[in-house]
Structures are given as C-alpha cells and as structure tokens.
Amino acid sequence: MKIATWNVNSVKARKDRLLAWLATHEPEIVCLQELKTTDEAFPRQEVEASGYEAIVFGQKTYNGVAILTRMGSSEVKYGMNDEHEDDEARIVSARIANIRILSVYVPNGKATDSDKFIYKLQWLRRLQAYLQREVTPEEPVCLCGDLNIAPDERDVARPEEWKDSVLCVPPVREAFAELIGWGLVDVFRQHHAEGGKYSWWDYRMLGFPKNNGLRIDHVLATRALAEACSHVAIDRNERKGKKPSDHAPVVATFDWNG
DNA sequence: ATGGTTGCTTAGCAA
C-alpha cells in the first residue's frame, strides 16, 4: 500500500499533472497541500473519475489541503478544532485502512522576524496539542505534508546558505523533534540515513537546475506503521518538465492490511 | 547566457 504526499502549488494549475501522476503511480492514499482553491472549484469529478474519493478542505487563493483515497474513509475532521481563531485551511484528517491520516500544510513563516513566523511556531505547538488530543502513539497514525521544516543538515543542499531561514532555524527543528519525540518516525530518514535527497526547490535562482533543494515534505508514522514501511522515494522526476510544482511528491510503501 | 519564478488576482502578496 502506497501513501504519498505532494504540495501541488495550486490544484487547478497542476490538474493535468496530478491526474497523470495518479494514473501512473496509483497510490492508495494521497495527501495534497496548497490547493489554492475553494471546495467548489476543486476538480472533484476528474479526480473521482480516476478512481479516487476526494476529501477536500479548500480555501480561496491560499492554503487548502486534501486527502485522496482509493479505499474507504470515515471520521473526517476538517481543521484543528481548537480554541484559536483561524480561517486558514491547513489540516484535514480521516480514518483510512484503520490508519488516522493527516494532511498538513505548516505555515512557511516568511522570515524569522515576521508575525508569520510567530504564527508558524504557534501553529506547530497547536499541531502537537492536536496529536495529544486526537490520537495516541500506540495507534496507526500517518502525518503527511509540507511541514516547511528541513529536519537537519542532511536535508539541505547548502546548509550554510539556509541555516538562518525559516525552514532550518533551531525553533522549527525543535518543533520537528517534538513530533518525533511524541512517537512519530520519519520514514524517509529511516530508509535514507545518508541525506542529500530533497523535496522542494525554489522556482527562483535556478533552484532545481542547481539542485539547491531542501527536504521539507514528510511522511511521519507511529511505530507499528513505520515498522511496516518497506521503502520511501521522492519522485524527483515530477519536478522536471513543463509547469511543475516547486515540490516533488514523496511516496511511502507499507506492508499493511488495515 | 553574464540573467534566471510561479500562481492568484489584477499590483501586490505569498512562497
């Protein structure tokens, strides 16, 4: 069983690529981020015609997350549902194959001296609280998404250039470590200790041609599920060619019967 | 070749 995550950077701009990718790879579960569209404008019919149910938490212009699945889903939850006022669509969750699946788009944070960075750190604390409230490390949980965090130097092509960025600074890496500490395993790292593999390259400054990348898109699984993970790959080819997203999909394969 | 983004929305913001 394959579980994928992909920040598509506008599902409308990426529709043809998304449908072709689904047809080629046929993952059972796909978590999408940065839909940049409302529920109404999501290409639901075409996705369903490809064999997928679409669980969509959209937003006009910015953000928006979804879960696509070829299996049955239940217990769908939209948003964080905590005490904070928040109109940003950044998390959606469902039970699929007896796994609690979360599709997450962590705020980028813009710059470390900005209000958006405060919001990023607060949002990561809220995510930690969400896990503690909604699930346990003893059950099968798979948190997928654009976390906008490169966990360590192995995940950054040019560590010196990026060390002060919102993707790398200590507070965000500590937040990532807290997710791991709660009971999640970075299944990509589990199979690729060597590093040097990236999931995002800036459109600007020839980021991809120069391979100036970072690994900021993640599949995190609780222990029992992580033990069933046989391999993980970043589909770097999807970043090539005409009109790619700036993110590549990450695909994790599990020996899992649900 | 001596620079070099994309998407949404419509000039500016976000990433």
# chains A, B, ... in the order shown; residues from 1 in each chain; ligands from 1

$ closest_atom_pairs --of "chain A" --to "chain B" --cutoff "9 Å" --atoms "only C-alpha atoms (C1' of nucleotides)" --output "tab-separated table"
residue	atom	partner	partner_atom	distance
A:Asn9	CA	B:DG7	C1'	7.7
A:Ser10	CA	B:DG7	C1'	7.1
A:Ala13	CA	B:DG7	C1'	7.9
A:Lys36	CA	B:DC8	C1'	8.1
A:Thr61	CA	B:DC8	C1'	5.8
A:Tyr62	CA	B:DA14	C1'	8.1
A:Asn108	CA	B:DA15	C1'	7.4
A:Lys110	CA	B:DA15	C1'	7.8
A:Asp202	CA	B:DT5	C1'	7.8
A:Tyr203	CA	B:DT5	C1'	4.6
A:Arg204	CA	B:DT5	C1'	4.6
A:Met205	CA	B:DG4	C1'	5.8
A:Leu206	CA	B:DG4	C1'	6.3
A:Lys243	CA	B:DT6	C1'	8.9
A:Ser245	CA	B:DT6	C1'	8.8
A:Asp246	CA	B:DT6	C1'	8.6

$ write_last_selection --atoms "N, CA and C atoms" --output "PDB file, in the first residue's frame"
ATOM      1  N   ASN A   9       0.999  23.173  -5.188  1.00  0.00           N
ATOM      2  CA  ASN A   9       1.048  24.610  -5.512  1.00  0.00           C
ATOM      3  C   ASN A   9      -0.006  24.986  -6.563  1.00  0.00           C
ATOM      4  N   SER A  10      -1.251  24.886  -6.146  1.00  0.00           N
ATOM      5  CA  SER A  10      -2.466  25.126  -6.971  1.00  0.00           C
ATOM      6  C   SER A  10      -2.914  23.845  -7.678  1.00  0.00           C
ATOM      7  N   ALA A  13      -3.783  24.646 -11.411  1.00  0.00           N
ATOM      8  CA  ALA A  13      -2.619  24.744 -12.297  1.00  0.00           C
ATOM      9  C   ALA A  13      -1.967  23.369 -12.508  1.00  0.00           C
ATOM     10  N   LYS A  36      -4.918  26.008  -3.108  1.00  0.00           N
ATOM     11  CA  LYS A  36      -5.173  27.395  -3.546  1.00  0.00           C
ATOM     12  C   LYS A  36      -6.526  27.550  -4.216  1.00  0.00           C
ATOM     13  N   THR A  61      -7.522  31.193  -2.894  1.00  0.00           N
ATOM     14  CA  THR A  61      -6.202  31.833  -3.109  1.00  0.00           C
ATOM     15  C   THR A  61      -5.033  31.169  -2.384  1.00  0.00           C
ATOM     16  N   TYR A  62      -5.213  30.886  -1.090  1.00  0.00           N
ATOM     17  CA  TYR A  62      -4.086  30.381  -0.292  1.00  0.00           C
ATOM     18  C   TYR A  62      -4.432  29.039   0.371  1.00  0.00           C
ATOM     19  N   ASN A 108       4.641  28.631   6.261  1.00  0.00           N
ATOM     20  CA  ASN A 108       6.034  28.813   5.860  1.00  0.00           C
ATOM     21  C   ASN A 108       6.799  29.670   6.879  1.00  0.00           C
ATOM     22  N   LYS A 110       7.674  32.898   6.413  1.00  0.00           N
ATOM     23  CA  LYS A 110       8.208  34.072   5.692  1.00  0.00           C
ATOM     24  C   LYS A 110       9.612  34.482   6.110  1.00  0.00           C
ATOM     25  N   ASP A 202      13.303  26.021  -4.857  1.00  0.00           N
ATOM     26  CA  ASP A 202      12.724  27.325  -5.166  1.00  0.00           C
ATOM     27  C   ASP A 202      12.647  27.513  -6.685  1.00  0.00           C
ATOM     28  N   TYR A 203      11.513  28.075  -7.146  1.00  0.00           N
ATOM     29  CA  TYR A 203      11.412  28.413  -8.571  1.00  0.00           C
ATOM     30  C   TYR A 203      12.479  29.442  -8.952  1.00  0.00           C
ATOM     31  N   ARG A 204      12.858  30.274  -7.986  1.00  0.00           N
ATOM     32  CA  ARG A 204      13.772  31.391  -8.279  1.00  0.00           C
ATOM     33  C   ARG A 204      15.225  30.922  -8.274  1.00  0.00           C
ATOM     34  N   MET A 205      16.054  31.694  -8.939  1.00  0.00           N
ATOM     35  CA  MET A 205      17.515  31.497  -8.870  1.00  0.00           C
ATOM     36  C   MET A 205      17.955  30.091  -9.298  1.00  0.00           C
ATOM     37  N   LEU A 206      17.198  29.519 -10.257  1.00  0.00           N
ATOM     38  CA  LEU A 206      17.586  28.203 -10.787  1.00  0.00           C
ATOM     39  C   LEU A 206      17.749  27.149  -9.690  1.00  0.00           C
ATOM     40  N   LYS A 243       5.708  23.300 -16.360  1.00  0.00           N
ATOM     41  CA  LYS A 243       4.757  23.615 -15.290  1.00  0.00           C
ATOM     42  C   LYS A 243       4.762  22.610 -14.146  1.00  0.00           C
ATOM     43  N   SER A 245       5.064  21.658 -10.072  1.00  0.00           N
ATOM     44  CA  SER A 245       5.028  22.275  -8.744  1.00  0.00           C
ATOM     45  C   SER A 245       6.466  22.524  -8.307  1.00  0.00           C
ATOM     46  N   ASP A 246       6.662  23.413  -7.345  1.00  0.00           N
ATOM     47  CA  ASP A 246       8.023  23.560  -6.803  1.00  0.00           C
ATOM     48  C   ASP A 246       8.364  22.425  -5.821  1.00  0.00           C
TER      49      ASP A 246
END

$ residues_around --residues "Pro170 of chain A" --least-positions-apart "5" --cutoff "12 Å" --atoms "only C-alpha atoms (C1' of nucleotides)" --output "PyMOL selection string"
chain A and resi 112+121+149-153+162-165+175-177

$ residues_around --residues "Glu26 of chain A" --least-positions-apart "2" --cutoff "10 Å" --atoms "only C-alpha atoms (C1' of nucleotides)" --output "short mmCIF file (atom, residue, chain, number, x, y, z; two decimals) with N, CA, C and O atoms, in the first residue's frame"
data_model
loop_
_atom_site.label_atom_id
_atom_site.label_comp_id
_atom_site.auth_asym_id
_atom_site.auth_seq_id
_atom_site.Cartn_x
_atom_site.Cartn_y
_atom_site.Cartn_z
N MET A 1 0.84 -1.18 0.00
CA MET A 1 0.00 0.00 0.00
C MET A 1 0.88 1.25 0.00
O MET A 1 1.83 1.34 0.76
N LYS A 2 0.54 2.18 -0.90
CA LYS A 2 1.35 3.40 -1.01
C LYS A 2 0.61 4.60 -0.45
O LYS A 2 -0.56 4.83 -0.76
N ILE A 3 1.31 5.36 0.37
CA ILE A 3 0.81 6.63 0.90
C ILE A 3 1.75 7.73 0.40
O ILE A 3 2.97 7.63 0.61
N ALA A 4 1.18 8.74 -0.27
CA ALA A 4 2.00 9.81 -0.85
C ALA A 4 1.61 11.15 -0.27
O ALA A 4 0.48 11.34 0.21
N ALA A 20 -2.36 12.64 -14.30
CA ALA A 20 -1.40 11.73 -14.94
C ALA A 20 -0.58 10.98 -13.89
O ALA A 20 -0.31 9.78 -14.03
N TRP A 21 -0.22 11.70 -12.83
CA TRP A 21 0.59 11.08 -11.78
C TRP A 21 -0.20 10.00 -11.04
O TRP A 21 0.32 8.92 -10.75
N LEU A 22 -1.47 10.28 -10.75
CA LEU A 22 -2.32 9.28 -10.10
C LEU A 22 -2.45 8.03 -10.97
O LEU A 22 -2.36 6.90 -10.47
N ALA A 23 -2.62 8.23 -12.27
CA ALA A 23 -2.80 7.09 -13.19
C ALA A 23 -1.52 6.26 -13.26
O ALA A 23 -1.57 5.03 -13.35
N THR A 24 -0.37 6.91 -13.19
CA THR A 24 0.91 6.20 -13.28
C THR A 24 1.24 5.43 -12.01
O THR A 24 1.66 4.28 -12.06
N GLU A 28 -2.64 4.37 -2.94
CA GLU A 28 -3.94 4.18 -2.29
C GLU A 28 -4.40 5.45 -1.57
O GLU A 28 -5.60 5.70 -1.47
N ILE A 29 -3.43 6.22 -1.07
CA ILE A 29 -3.74 7.43 -0.32
C ILE A 29 -2.79 8.54 -0.75
O ILE A 29 -1.58 8.31 -0.85
N VAL A 30 -3.32 9.71 -1.04
CA VAL A 30 -2.50 10.87 -1.42
C VAL A 30 -2.94 12.08 -0.61
O VAL A 30 -4.10 12.48 -0.65
N SER A 50 -10.86 9.21 -11.87
CA SER A 50 -9.59 8.48 -11.80
C SER A 50 -9.61 7.39 -10.74
O SER A 50 -8.60 6.70 -10.53
N GLY A 51 -10.71 7.28 -10.02
CA GLY A 51 -10.85 6.21 -9.03
C GLY A 51 -10.62 6.63 -7.60
O GLY A 51 -10.46 5.79 -6.72
N TYR A 52 -10.62 7.94 -7.35
CA TYR A 52 -10.32 8.43 -6.01
C TYR A 52 -11.50 9.18 -5.38
O TYR A 52 -12.16 9.98 -6.05
N THR A 69 -8.22 9.11 -1.81
CA THR A 69 -8.02 7.70 -1.49
C THR A 69 -8.84 6.78 -2.39
O THR A 69 -9.94 7.13 -2.81
N ARG A 70 -8.25 5.62 -2.66
CA ARG A 70 -8.93 4.57 -3.41
C ARG A 70 -9.60 3.60 -2.45
O ARG A 70 -10.21 2.62 -2.88
#

$ residues_around --residues "Val106 of chain A" --least-positions-apart "3" --cutoff "10 Å" --atoms "only C-alpha atoms (C1' of nucleotides)" --output "ChimeraX atom specification"
/A:33,63,90-91,103,109,119-121,123-124,127,145-149

$ write_last_selection --atoms "N, CA, C and O atoms" --output "compact mmCIF listing (two decimals), in the first residue's frame"
# COMPACT_ATOMS: atom_id res chain seq x y z
N GLN A 33 -1.34 19.38 -0.56
CA GLN A 33 -1.29 20.67 0.11
C GLN A 33 -1.22 21.80 -0.93
O GLN A 33 -0.85 21.57 -2.07
N ASN A 63 -3.38 28.31 0.72
CA ASN A 63 -3.53 27.10 1.54
C ASN A 63 -4.45 26.08 0.88
O ASN A 63 -4.49 25.97 -0.32
N ARG A 90 -5.43 24.33 6.75
CA ARG A 90 -4.08 23.74 6.75
C ARG A 90 -4.03 22.32 7.26
O ARG A 90 -2.95 21.71 7.27
N ILE A 91 -5.14 21.76 7.72
CA ILE A 91 -5.09 20.37 8.20
C ILE A 91 -6.44 19.70 7.97
O ILE A 91 -7.49 20.30 8.22
N SER A 103 -3.37 15.22 6.55
CA SER A 103 -2.72 16.01 5.50
C SER A 103 -2.53 17.42 6.04
O SER A 103 -3.50 18.11 6.37
N GLY A 109 6.19 30.76 7.28
CA GLY A 109 6.81 31.62 8.28
C GLY A 109 7.52 32.84 7.73
O GLY A 109 7.96 33.70 8.50
N TYR A 119 3.33 32.96 14.03
CA TYR A 119 2.18 32.10 13.71
C TYR A 119 2.63 30.66 13.40
O TYR A 119 2.00 29.69 13.83
N LYS A 120 3.74 30.53 12.66
CA LYS A 120 4.27 29.20 12.36
C LYS A 120 4.59 28.42 13.63
O LYS A 120 4.17 27.27 13.78
N LEU A 121 5.30 29.06 14.54
CA LEU A 121 5.68 28.36 15.78
C LEU A 121 4.46 28.03 16.62
O LEU A 121 4.36 26.94 17.19
N TRP A 123 1.47 27.55 15.41
CA TRP A 123 0.72 26.51 14.69
C TRP A 123 1.34 25.13 14.97
O TRP A 123 0.63 24.14 15.15
N LEU A 124 2.66 25.08 15.02
CA LEU A 124 3.34 23.81 15.32
C LEU A 124 3.04 23.33 16.75
O LEU A 124 2.87 22.13 16.98
N LEU A 127 -0.35 21.90 16.56
CA LEU A 127 -0.32 20.57 15.92
C LEU A 127 0.06 19.50 16.95
O LEU A 127 -0.53 18.41 16.99
N GLY A 145 2.77 15.69 4.89
CA GLY A 145 2.56 17.04 4.39
C GLY A 145 3.81 17.86 4.21
O GLY A 145 4.93 17.39 4.41
N ASP A 146 3.54 19.11 3.82
CA ASP A 146 4.61 20.11 3.72
C ASP A 146 4.75 20.72 5.11
O ASP A 146 3.94 21.55 5.49
N LEU A 147 5.77 20.26 5.84
CA LEU A 147 5.97 20.77 7.20
C LEU A 147 6.81 22.05 7.21
O LEU A 147 6.98 22.66 8.26
N ASN A 148 7.34 22.44 6.06
CA ASN A 148 8.19 23.63 5.99
C ASN A 148 9.31 23.60 7.02
O ASN A 148 9.67 24.62 7.62
N ILE A 149 9.84 22.38 7.24
CA ILE A 149 10.99 22.19 8.13
C ILE A 149 11.94 21.18 7.47
O ILE A 149 11.51 20.09 7.09

$ atom_distance --atom1 "atom CA of Ser93 of chain A" --atom2 "atom CA of Thr5 of chain A"
13.2 Å

$ atom_distance --atom1 "atom CA of Glu227 of chain A" --atom2 "atom CA of Thr253 of chain A"
11.1 Å

$ atom_distance --atom1 "atom CA of Asn98 of chain A" --atom2 "atom CA of Cys229 of chain A"
15.4 Å

$ select_by_dssp --residues "segment 54-240 of chain A" --states "strand (DSSP E)" --output "PyMOL selection string"
chain A and resi 54-57+65-69+73-78+91-96+99-105+141-146+184-186+200-201+213-214+217-222+229-234

$ residues_around --residues "Phe208 of chain A" --least-positions-apart "5" --cutoff "12 Å" --atoms "only C-alpha atoms (C1' of nucleotides)" --output "ChimeraX atom specification"
/A:157,198-203,213-214,236-241,244-248 /B:4-5

$ residues_around --residues "Gly195 of chain A" --least-positions-apart "5" --cutoff "8 Å" --atoms "only C-alpha atoms (C1' of nucleotides)" --output "PyMOL selection string"
chain A and resi 154-155+189

$ decode --residues "segment 198-242 of chain A" --atoms "C-alpha atoms" --output "PDB file, in the first residue's frame"
ATOM      1  CA  TYR A 198      15.270  16.900  -1.405  1.00  0.00           C
ATOM      2  CA  SER A 199      11.561  17.523  -1.943  1.00  0.00           C
ATOM      3  CA  TRP A 200      11.448  21.259  -2.681  1.00  0.00           C
ATOM      4  CA  TRP A 201      13.462  23.596  -4.890  1.00  0.00           C
ATOM      5  CA  ASP A 202      12.724  27.325  -5.166  1.00  0.00           C
ATOM      6  CA  TYR A 203      11.412  28.413  -8.571  1.00  0.00           C
ATOM      7  CA  ARG A 204      13.772  31.391  -8.279  1.00  0.00           C
ATOM      8  CA  MET A 205      17.515  31.497  -8.870  1.00  0.00           C
ATOM      9  CA  LEU A 206      17.586  28.203 -10.787  1.00  0.00           C
ATOM     10  CA  GLY A 207      16.911  26.270  -7.621  1.00  0.00           C
ATOM     11  CA  PHE A 208      16.217  22.970  -9.362  1.00  0.00           C
ATOM     12  CA  PRO A 209      18.895  23.093 -12.092  1.00  0.00           C
ATOM     13  CA  LYS A 210      21.440  23.828  -9.362  1.00  0.00           C
ATOM     14  CA  ASN A 211      19.855  21.227  -7.046  1.00  0.00           C
ATOM     15  CA  ASN A 212      19.665  23.862  -4.317  1.00  0.00           C
ATOM     16  CA  GLY A 213      16.995  21.828  -2.544  1.00  0.00           C
ATOM     17  CA  LEU A 214      15.638  21.025   0.884  1.00  0.00           C
ATOM     18  CA  ARG A 215      13.662  18.096   2.257  1.00  0.00           C
ATOM     19  CA  ILE A 216      10.642  19.746   3.844  1.00  0.00           C
ATOM     20  CA  ASP A 217       7.829  17.359   2.794  1.00  0.00           C
ATOM     21  CA  HIS A 218       7.448  14.441   5.144  1.00  0.00           C
ATOM     22  CA  VAL A 219       5.686  11.181   5.898  1.00  0.00           C
ATOM     23  CA  LEU A 220       5.697  10.583   9.647  1.00  0.00           C
ATOM     24  CA  ALA A 221       4.245   7.368  11.072  1.00  0.00           C
ATOM     25  CA  THR A 222       3.727   5.898  14.516  1.00  0.00           C
ATOM     26  CA  ARG A 223       5.886   2.915  15.399  1.00  0.00           C
ATOM     27  CA  ALA A 224       3.750  -0.039  14.322  1.00  0.00           C
ATOM     28  CA  LEU A 225       3.050   1.600  10.969  1.00  0.00           C
ATOM     29  CA  ALA A 226       6.669   2.707  10.483  1.00  0.00           C
ATOM     30  CA  GLU A 227       7.793  -0.889  11.021  1.00  0.00           C
ATOM     31  CA  ALA A 228       5.554  -1.857   8.094  1.00  0.00           C
ATOM     32  CA  CYS A 229       7.211   0.712   5.801  1.00  0.00           C
ATOM     33  CA  SER A 230       9.370  -1.099   3.238  1.00  0.00           C
ATOM     34  CA  HIS A 231      10.667   1.889   1.275  1.00  0.00           C
ATOM     35  CA  VAL A 232      10.231   5.595   0.603  1.00  0.00           C
ATOM     36  CA  ALA A 233      11.057   7.603  -2.505  1.00  0.00           C
ATOM     37  CA  ILE A 234      10.950  11.226  -3.570  1.00  0.00           C
ATOM     38  CA  ASP A 235       9.630  11.476  -7.122  1.00  0.00           C
ATOM     39  CA  ARG A 236      12.192  13.972  -8.377  1.00  0.00           C
ATOM     40  CA  ASN A 237      11.069  13.444 -11.979  1.00  0.00           C
ATOM     41  CA  GLU A 238       7.813  15.201 -11.161  1.00  0.00           C
ATOM     42  CA  ARG A 239       9.780  18.427 -10.563  1.00  0.00           C
ATOM     43  CA  LYS A 240      11.042  18.302 -14.184  1.00  0.00           C
ATOM     44  CA  GLY A 241       9.397  19.389 -17.423  1.00  0.00           C
ATOM     45  CA  LYS A 242       6.745  21.993 -18.094  1.00  0.00           C
TER      46      LYS A 242
END
